[in-house]
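Engineer: Enclosed is the structure file work14.json (JSON, C-alpha atoms and all ligand atoms).
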[["chain", "number", "residue", "atom", "x", "y", "z"],
["A", 1, "MET", "CA", -19.24, 7.74, -23.57],
["A", 2, "LEU", "CA", -17.19, 5.12, -21.78],
["A", 3, "HIS", "CA", -14.17, 7.23, -20.92],
["A", 4, "GLY", "CA", -11.17, 5.73, -19.17],
["A", 5, "LYS", "CA", -12.09, 6.40, -15.58],
["A", 6, "HIS", "CA", -15.65, 5.18, -15.94],
["A", 7, "LEU", "CA", -14.48, 2.08, -17.76],
["A", 8, "SER", "CA", -11.96, 1.20, -15.08],
["A", 9, "ARG", "CA", -14.71, 1.56, -12.46],
["A", 10, "VAL", "CA", -16.87, -0.80, -14.44],
["A", 11, "LEU", "CA", -13.96, -3.22, -14.55],
["A", 12, "ILE", "CA", -13.50, -2.93, -10.79],
["A", 13, "ALA", "CA", -17.18, -3.62, -10.38],
["A", 14, "ALA", "CA", -16.87, -6.61, -12.70],
["A", 15, "SER", "CA", -13.92, -8.00, -10.79],
["A", 16, "LEU", "CA", -15.87, -7.68, -7.54],
["A", 17, "LEU", "CA", -18.85, -9.50, -8.92],
["A", 18, "PHE", "CA", -16.66, -12.03, -10.63],
["A", 19, "PRO", "CA", -13.62, -12.59, -8.43],
["A", 20, "SER", "CA", -11.99, -14.90, -10.96],
["A", 21, "VAL", "CA", -11.25, -11.85, -13.13],
["A", 22, "SER", "CA", -7.81, -11.27, -11.67],
["A", 23, "LEU", "CA", -6.58, -9.69, -14.89],
["A", 24, "LEU", "CA", -8.96, -6.80, -14.40],
["A", 25, "ALA", "CA", -7.80, -6.17, -10.88],
["A", 26, "GLN", "CA", -4.29, -5.49, -12.16],
["A", 27, "THR", "CA", -5.59, -2.65, -14.32],
["A", 28, "ALA", "CA", -7.28, -0.96, -11.35],
["A", 29, "PRO", "CA", -6.42, 2.74, -11.12],
["A", 30, "PRO", "CA", -4.93, 4.32, -7.99],
["A", 31, "ALA", "CA", -7.37, 5.32, -5.22],
["A", 32, "ALA", "CA", -9.72, 8.19, -6.01],
["A", 33, "PRO", "CA", -8.46, 11.67, -5.13],
["A", 34, "PRO", "CA", -10.01, 13.40, -2.08],
["A", 35, "SER", "CA", -12.05, 15.58, -4.47],
["A", 36, "GLU", "CA", -14.35, 12.59, -4.90],
["A", 37, "ALA", "CA", -15.14, 12.40, -1.20],
["A", 38, "HIS", "CA", -18.66, 13.67, -1.85],
["A", 39, "HIS", "CA", -19.44, 10.27, -3.36],
["A", 40, "GLU", "CA", -19.04, 8.79, 0.13],
["A", 41, "MET", "CA", -22.14, 6.96, 1.33],
["A", 42, "PRO", "CA", -22.94, 5.71, 4.83],
["A", 43, "LYS", "CA", -21.39, 2.31, 5.47],
["A", 44, "PRO", "CA", -23.62, -0.39, 3.96],
["A", 45, "THR", "CA", -25.56, -2.44, 6.50],
["A", 46, "ASN", "CA", -27.41, -5.00, 4.39],
["A", 47, "LEU", "CA", -25.01, -6.58, 1.88],
["A", 48, "LYS", "CA", -25.64, -10.28, 1.25],
["A", 49, "VAL", "CA", -23.81, -10.84, -2.03],
["A", 50, "LEU", "CA", -21.17, -8.11, -2.33],
["A", 51, "PRO", "CA", -18.22, -8.15, 0.10],
["A", 52, "LYS", "CA", -19.29, -6.50, 3.37],
["A", 53, "ASN", "CA", -16.13, -4.38, 3.44],
["A", 54, "ILE", "CA", -16.57, -3.07, -0.12],
["A", 55, "SER", "CA", -15.44, 0.56, -0.54],
["A", 56, "SER", "CA", -18.20, 3.04, -1.26],
["A", 57, "LYS", "CA", -16.47, 3.80, -4.57],
["A", 58, "ASP", "CA", -16.63, 0.17, -5.70],
["A", 59, "LEU", "CA", -20.19, -0.19, -4.41],
["A", 60, "MET", "CA", -21.27, 2.84, -6.44],
["A", 61, "ALA", "CA", -19.44, 1.56, -9.52],
["A", 62, "THR", "CA", -21.38, -1.69, -9.19],
["A", 63, "MET", "CA", -24.68, 0.16, -8.77],
["A", 64, "HIS", "CA", -23.99, 2.33, -11.81],
["A", 65, "GLN", "CA", -23.22, -0.83, -13.75],
["A", 66, "PHE", "CA", -26.69, -2.08, -12.78],
["A", 67, "THR", "CA", -28.53, 1.12, -13.82],
["A", 68, "GLY", "CA", -26.64, 1.30, -17.11],
["A", 69, "SER", "CA", -27.07, -2.38, -17.97],
["A", 70, "LEU", "CA", -30.80, -2.41, -17.19],
["A", 71, "GLY", "CA", -31.65, 1.12, -18.39],
["A", 72, "VAL", "CA", -33.18, 2.05, -15.03],
["A", 73, "HIS", "CA", -32.63, 4.48, -12.15],
["A", 74, "CYS", "CA", -31.71, 3.62, -8.58],
["A", 75, "ASN", "CA", -35.39, 3.63, -7.56],
["A", 76, "PHE", "CA", -36.05, 0.61, -9.76],
["A", 77, "CYS", "CA", -34.60, -1.53, -6.97],
["A", 78, "HIS", "CA", -34.48, 0.83, -3.98],
["A", 79, "VAL", "CA", -37.66, 1.91, -2.17],
["A", 80, "GLU", "CA", -38.35, 5.60, -1.58],
["A", 81, "ASP", "CA", -39.13, 7.11, 1.81],
["A", 82, "LYS", "CA", -42.56, 8.67, 1.18],
["A", 83, "THR", "CA", -41.88, 11.67, 3.45],
["A", 84, "THR", "CA", -38.25, 12.59, 2.69],
["A", 85, "HIS", "CA", -38.30, 11.23, -0.89],
["A", 86, "HIS", "CA", -34.85, 9.79, -0.22],
["A", 87, "LEU", "CA", -34.10, 6.22, -1.20],
["A", 88, "ILE", "CA", -33.70, 3.77, 1.67],
["A", 89, "PHE", "CA", -30.83, 1.79, 0.16],
["A", 90, "ALA", "CA", -30.57, -0.84, 2.93],
["A", 91, "SER", "CA", -34.26, -1.76, 2.69],
["A", 92, "ASP", "CA", -35.23, -4.98, 0.89],
["A", 93, "ALA", "CA", -38.85, -3.83, 0.42],
["A", 94, "LYS", "CA", -38.77, -3.90, -3.39],
["A", 95, "PRO", "CA", -38.96, -7.31, -5.10],
["A", 96, "GLU", "CA", -36.66, -6.00, -7.83],
["A", 97, "LYS", "CA", -33.83, -5.70, -5.29],
["A", 98, "LYS", "CA", -34.31, -9.31, -4.27],
["A", 99, "SER", "CA", -34.40, -10.36, -7.93],
["A", 100, "ALA", "CA", -31.18, -8.44, -8.49],
["A", 101, "ARG", "CA", -29.47, -10.48, -5.74],
["A", 102, "VAL", "CA", -30.58, -13.70, -7.44],
["A", 103, "MET", "CA", -29.22, -12.31, -10.71],
["A", 104, "MET", "CA", -25.88, -11.40, -9.09],
["A", 105, "ARG", "CA", -25.47, -14.95, -7.79],
["A", 106, "MET", "CA", -26.57, -16.40, -11.13],
["A", 107, "THR", "CA", -24.03, -14.25, -12.98],
["A", 108, "GLN", "CA", -21.24, -15.26, -10.58],
["A", 109, "THR", "CA", -22.11, -18.93, -11.12],
["A", 110, "ILE", "CA", -22.27, -18.61, -14.90],
["A", 111, "ASN", "CA", -18.79, -17.08, -14.92],
["A", 112, "GLY", "CA", -17.12, -19.01, -12.13],
["A", 113, "LYS", "CA", -18.64, -22.44, -12.64],
["A", 114, "TYR", "CA", -19.64, -22.71, -16.29],
["A", 115, "LEU", "CA", -17.72, -20.31, -18.54],
["A", 116, "ALA", "CA", -14.56, -21.20, -16.63],
["A", 117, "GLN", "CA", -14.91, -24.81, -17.90],
["A", 118, "LEU", "CA", -14.51, -23.85, -21.54],
["A", 119, "PRO", "CA", -11.15, -25.08, -22.87],
["A", 120, "ASP", "CA", -10.62, -21.86, -24.82],
["A", 121, "HIS", "CA", -12.02, -19.56, -22.15],
["A", 122, "GLY", "CA", -10.84, -16.03, -22.91],
["A", 123, "SER", "CA", -10.12, -13.73, -19.99],
["A", 124, "MET", "CA", -12.51, -11.03, -21.22],
["A", 125, "GLN", "CA", -15.37, -13.38, -22.08],
["A", 126, "LYS", "CA", -17.42, -12.68, -18.96],
["A", 127, "VAL", "CA", -21.16, -12.53, -18.66],
["A", 128, "GLY", "CA", -22.40, -9.34, -17.03],
["A", 129, "CYS", "CA", -25.87, -7.91, -16.43],
["A", 130, "GLY", "CA", -25.71, -6.18, -19.80],
["A", 131, "THR", "CA", -24.95, -9.39, -21.71],
["A", 132, "CYS", "CA", -28.61, -10.37, -21.39],
["A", 133, "HIS", "CA", -30.34, -7.14, -20.42],
["A", 134, "ARG", "CA", -28.85, -4.85, -23.12],
["A", 135, "GLY", "CA", -30.27, -1.74, -21.47],
["A", 136, "LYS", "CA", -33.70, -3.26, -20.69],
["A", 137, "SER", "CA", -35.03, -4.16, -17.24],
["A", 138, "THR", "CA", -36.43, -7.37, -18.71],
["A", 139, "PRO", "CA", -34.37, -8.85, -21.54],
["A", 140, "THR", "CA", -36.19, -8.83, -24.84],
["A", 141, "GLU", "CA", -36.70, -12.11, -26.62],
["A", 142, "PHE", "CA", -34.28, -12.84, -29.44],
["A", 143, "VAL", "CA", -36.02, -14.11, -32.54],
["A", 144, "PRO", "CA", -33.59, -15.78, -34.94],
["A", 145, "PRO", "CA", -33.86, -14.48, -38.51],
["A", 146, "PRO", "CA", -35.65, -16.85, -40.91],
["A", 147, "GLU", "CA", -33.40, -19.54, -42.34],
["A", 148, "GLN", "CA", -31.93, -18.69, -45.72],
["A", 149, "HIS", "CA", -32.50, -21.30, -48.40],
["A", 150, "GLY", "CA", -29.90, -21.68, -51.11],
["A", 151, "PRO", "CA", -26.25, -22.67, -51.18],
["A", 152, "PRO", "CA", -24.68, -23.18, -47.74],
["A", 153, "PRO", "CA", -22.60, -20.22, -46.53],
["A", 154, "ALA", "CA", -18.87, -20.32, -47.04],
["A", 155, "PRO", "CA", -17.12, -21.99, -44.08],
["A", 156, "ALA", "CA", -15.82, -19.56, -41.46],
["A", 157, "LYS", "CA", -12.07, -19.04, -41.62],
["B", 201, "LIG", "C1", -31.01, -3.70, -10.42],
["B", 201, "LIG", "C2", -31.23, -3.34, -9.00],
["B", 201, "LIG", "C3", -30.43, -2.19, -8.40],
["B", 201, "LIG", "C4", -30.29, -0.92, -8.89],
["B", 201, "LIG", "C5", -30.82, -0.33, -10.18],
["B", 201, "LIG", "C6", -29.49, -0.21, -7.90],
["B", 201, "LIG", "N1", -29.22, -1.03, -6.86],
["B", 201, "LIG", "FE1", -28.25, -0.50, -5.15],
["B", 201, "LIG", "N2", -28.37, -2.43, -4.49],
["B", 201, "LIG", "C7", -28.97, -3.47, -5.16],
["B", 201, "LIG", "C8", -28.78, -4.69, -4.43],
["B", 201, "LIG", "C9", -29.27, -6.07, -4.82],
["B", 201, "LIG", "C10", -28.06, -4.35, -3.26],
["B", 201, "LIG", "C11", -27.61, -5.31, -2.17],
["B", 201, "LIG", "C12", -26.37, -6.08, -2.64],
["B", 201, "LIG", "C13", -25.97, -7.18, -1.68],
["B", 201, "LIG", "O1", -26.85, -7.72, -0.99],
["B", 201, "LIG", "O2", -24.78, -7.53, -1.65],
["B", 201, "LIG", "C14", -27.84, -2.91, -3.32],
["B", 201, "LIG", "C15", -27.19, -2.18, -2.34],
["B", 201, "LIG", "C16", -27.02, -0.81, -2.36],
["B", 201, "LIG", "C17", -26.45, -0.03, -1.28],
["B", 201, "LIG", "C18", -26.00, -0.57, 0.08],
["B", 201, "LIG", "C19", -27.20, -0.54, 1.03],
["B", 201, "LIG", "C20", -26.89, -1.14, 2.40],
["B", 201, "LIG", "O3", -26.83, -0.38, 3.39],
["B", 201, "LIG", "O4", -26.70, -2.37, 2.46],
["B", 201, "LIG", "C21", -26.41, 1.27, -1.70],
["B", 201, "LIG", "C22", -25.89, 2.47, -0.92],
["B", 201, "LIG", "C23", -26.94, 1.29, -3.05],
["B", 201, "LIG", "N3", -27.32, 0.02, -3.41],
["B", 201, "LIG", "C24", -27.04, 2.42, -3.81],
["B", 201, "LIG", "C25", -27.54, 2.44, -5.11],
["B", 201, "LIG", "C26", -27.54, 3.62, -5.94],
["B", 201, "LIG", "C27", -27.01, 4.99, -5.53],
["B", 201, "LIG", "C28", -28.12, 3.26, -7.13],
["B", 201, "LIG", "C29", -28.32, 4.12, -8.38],
["B", 201, "LIG", "C30", -27.08, 4.70, -8.93],
["B", 201, "LIG", "C31", -28.49, 1.84, -7.03],
["B", 201, "LIG", "N4", -28.12, 1.39, -5.79],
["B", 201, "LIG", "C32", -29.10, 1.11, -8.03],
["B", 201, "LIG", "C33", -29.67, -3.38, -6.35],
["B", 201, "LIG", "C34", -29.75, -2.25, -7.13],
["B", 202, "LIG", "C1", -28.14, -14.96, -18.49],
["B", 202, "LIG", "C2", -28.97, -13.78, -18.75],
["B", 202, "LIG", "C3", -29.06, -12.77, -17.61],
["B", 202, "LIG", "C4", -28.06, -12.17, -16.90],
["B", 202, "LIG", "C5", -26.57, -12.40, -17.01],
["B", 202, "LIG", "C6", -28.69, -11.24, -15.98],
["B", 202, "LIG", "N1", -30.04, -11.29, -16.13],
["B", 202, "LIG", "FE1", -31.41, -10.25, -15.03],
["B", 202, "LIG", "N2", -32.92, -11.23, -16.01],
["B", 202, "LIG", "C7", -32.77, -12.11, -17.06],
["B", 202, "LIG", "C8", -34.07, -12.57, -17.50],
["B", 202, "LIG", "C9", -34.33, -13.53, -18.66],
["B", 202, "LIG", "C10", -35.01, -11.92, -16.69],
["B", 202, "LIG", "C11", -36.53, -12.06, -16.71],
["B", 202, "LIG", "C12", -36.87, -13.26, -15.87],
["B", 202, "LIG", "C13", -38.35, -13.45, -15.71],
["B", 202, "LIG", "O1", -39.12, -12.76, -16.41],
["B", 202, "LIG", "O2", -38.76, -14.27, -14.88],
["B", 202, "LIG", "C14", -34.25, -11.09, -15.75],
["B", 202, "LIG", "C15", -34.84, -10.31, -14.77],
["B", 202, "LIG", "C16", -34.14, -9.45, -13.93],
["B", 202, "LIG", "C17", -34.74, -8.59, -12.94],
["B", 202, "LIG", "C18", -36.23, -8.52, -12.62],
["B", 202, "LIG", "C19", -36.84, -7.44, -13.48],
["B", 202, "LIG", "C20", -38.23, -7.05, -13.04],
["B", 202, "LIG", "O3", -38.89, -6.32, -13.81],
["B", 202, "LIG", "O4", -38.65, -7.44, -11.95],
["B", 202, "LIG", "C21", -33.75, -7.87, -12.36],
["B", 202, "LIG", "C22", -33.89, -6.81, -11.27],
["B", 202, "LIG", "C23", -32.50, -8.28, -12.98],
["B", 202, "LIG", "N3", -32.79, -9.24, -13.92],
["B", 202, "LIG", "C24", -31.27, -7.79, -12.66],
["B", 202, "LIG", "C25", -30.08, -8.29, -13.16],
["B", 202, "LIG", "C26", -28.77, -7.85, -12.70],
["B", 202, "LIG", "C27", -28.53, -6.75, -11.68],
["B", 202, "LIG", "C28", -27.86, -8.61, -13.38],
["B", 202, "LIG", "C29", -26.34, -8.61, -13.22],
["B", 202, "LIG", "C30", -25.84, -8.86, -11.87],
["B", 202, "LIG", "C31", -28.59, -9.51, -14.24],
["B", 202, "LIG", "N4", -29.91, -9.28, -14.09],
["B", 202, "LIG", "C32", -28.00, -10.46, -15.09],
["B", 202, "LIG", "C33", -31.57, -12.54, -17.59],
["B", 202, "LIG", "C34", -30.31, -12.20, -17.12]]
Take the structure I supplied and represent it as structure tokens, if you would.
Structural biologist:
Amino acid sequence: MLHGKHLSRVLIAASLLFPSVSLLAQTAPPAAPPSEAHHEMPKPTNLKVLPKNISSKDLMATMHQFTGSLGVHCNFCHVEDKTTHHLIFASDAKPEKKSARVMMRMTQTINGKYLAQLPDHGSMQKVGCGTCHRGKSTPTEFVPPPEQHGPPPAPAK
């Protein structure tokens, strides 16, 4: 269910997290029509990793990328106000939010510092939250299949 608009938002989010992805920025769609104004959020007050002047549209695209990649809801990282039951997005009360910031910086470094060193680095070969998390809040361990004994496999073409 990754239709065009959603995908391009994910790509915007990716290019924000990973500024070296200039190719993605060129595919950004025109600004959202006024009909989407109800997505407007109060101006963020506690951004430490994302650009402080990020548009609310790009911020939300990034947040939806997090929920989708980790298979969680917003309240996984954002604490709830016990009386109003609204989420207090600017609060850093939940350890998961702090972990997410570490993860954002880690992901930026993997892409900007390490993957970028590969001689055959492809423009779409970026690590994102989903690369490791695959829809789980804690990545599941990968157990390699048992080694096959017998003739060696044919060389890859
Ligand atoms: C995996 C953790 C995680 C999830 C899930 C998540 N967020 Fe966030 N959110 C963060 C982090 C981390 C920041 C701060 C980013 C920074 O410091 O640059 C943030 C910041 C925000 C802010 C800005 C708050 C401010 O005033 O500074 C808003 C608004 C927000 N998130 C909304 C949402 C919404 C809506 C959802 C669900 C669709 C959501 N978030 C899901 C981690 C998460
Ligand atoms: C290179 C692999 C990798 C990438 C990329 C990655 N993570 Fe993680 N993440 C992990 C691992 C492994 C753990 C568990 C670490 C531990 O148990 O100490 C984890 C743990 C977390 C946790 C803590 C979960 C909990 O239950 O407290 C959060 C939140 C999180 N990641 C968010 C993110 C977000 C958001 C992104 C993208 C910006 C991201 N991760 C990218 C590997 C990754």
Engineer: What's around region 130-142 of chain A at 12 Å? Count all atoms listed in the file, leave out sequence neighbours fewer than 6 positions away in its own chain, and write the answer as number ranges by chain.
Structural biologist: A: 10, 14, 64-73, 76-77, 96, 99-100, 103-104, 107, 110-111
Engineer: Could you tell me how far CA of Pro119 (chain A) lies from CA of Ala154 (chain A), in Å and to one decimal?
Structural biologist: 25.8 Å
Engineer: Enter the distance from CA of Pro42 (chain A) to CA of Lys97 (chain A), in Å, rounded to one decimal.
Structural biologist: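 Interatomic distance here is 18.7 Å.
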Engineer: Of the candidates A:Val127, A:Met41, A:Met63, A:Val49, which shows the shortest atom-to-atom distance to Lys113 (chain A), using all atoms listed in the file?
Structural biologist: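 Ranked by minimum distance to Lys113 (chain A), first place goes to A:Val127.
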Engineer: Have a look at CA of Ala116 (chain A) and atom C21 of ligand LIG 202 (chain B) and let me know their distance in Å, one decimal.
Structural biologist: 23.8 Å
Engineer: Using all atoms listed in the file, which residue out of A:Ile54, A:Ala90, A:Val79, A:Leu59 lies closest to ligand LIG 201 (chain B)?
Structural biologist: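 Closest to ligand LIG 201 (chain B), using all atoms listed in the file: A:Ala90.
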Engineer: So which one's closest to ligand LIG 202 (chain B), A:Pro155, A:Asn75, A:Gln117, A:Pro146? Using all atoms listed in the file, please.
Structural biologist: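 Among the listed residues, the smallest separation from ligand LIG 202 (chain B) belongs to A:Asn75.
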Engineer: Would you mind telling me which residue in A:Asp81, A:Cys129, A:Pro51, A:Leu118 lies nearest to ligand LIG 202 (chain B) when using all atoms listed in the file?
Structural biologist: A:Cys129
Engineer: Nearest residue to ligand LIG 202 (chain B) out of A:Val102, A:Lys48, A:Gly122, A:Gly112, using only C-alpha atoms and all ligand atoms?
Structural biologist: A:Val102
Engineer: Around all the atoms of ligand LIG 202 (chain B) listed in the file, with 4 Å of room on each side, what axis-aligned box do you get, giving centre and edge lengths in Å to one decimal, as AutoDock Vina command-line options?
Structural biologist:
--center_x -32.5 --center_y -10.6 --center_z -15.0 --size_x 21.3 --size_y 16.6 --size_z 15.5
Engineer: Which is closer to ligand LIG 202 (chain B) than all the others in A:Thr109, A:Ile88, A:Thr83, A:Met60, using all atoms listed in the file?
Structural biologist: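 Closest to ligand LIG 202 (chain B) of all the choices is A:Thr109.
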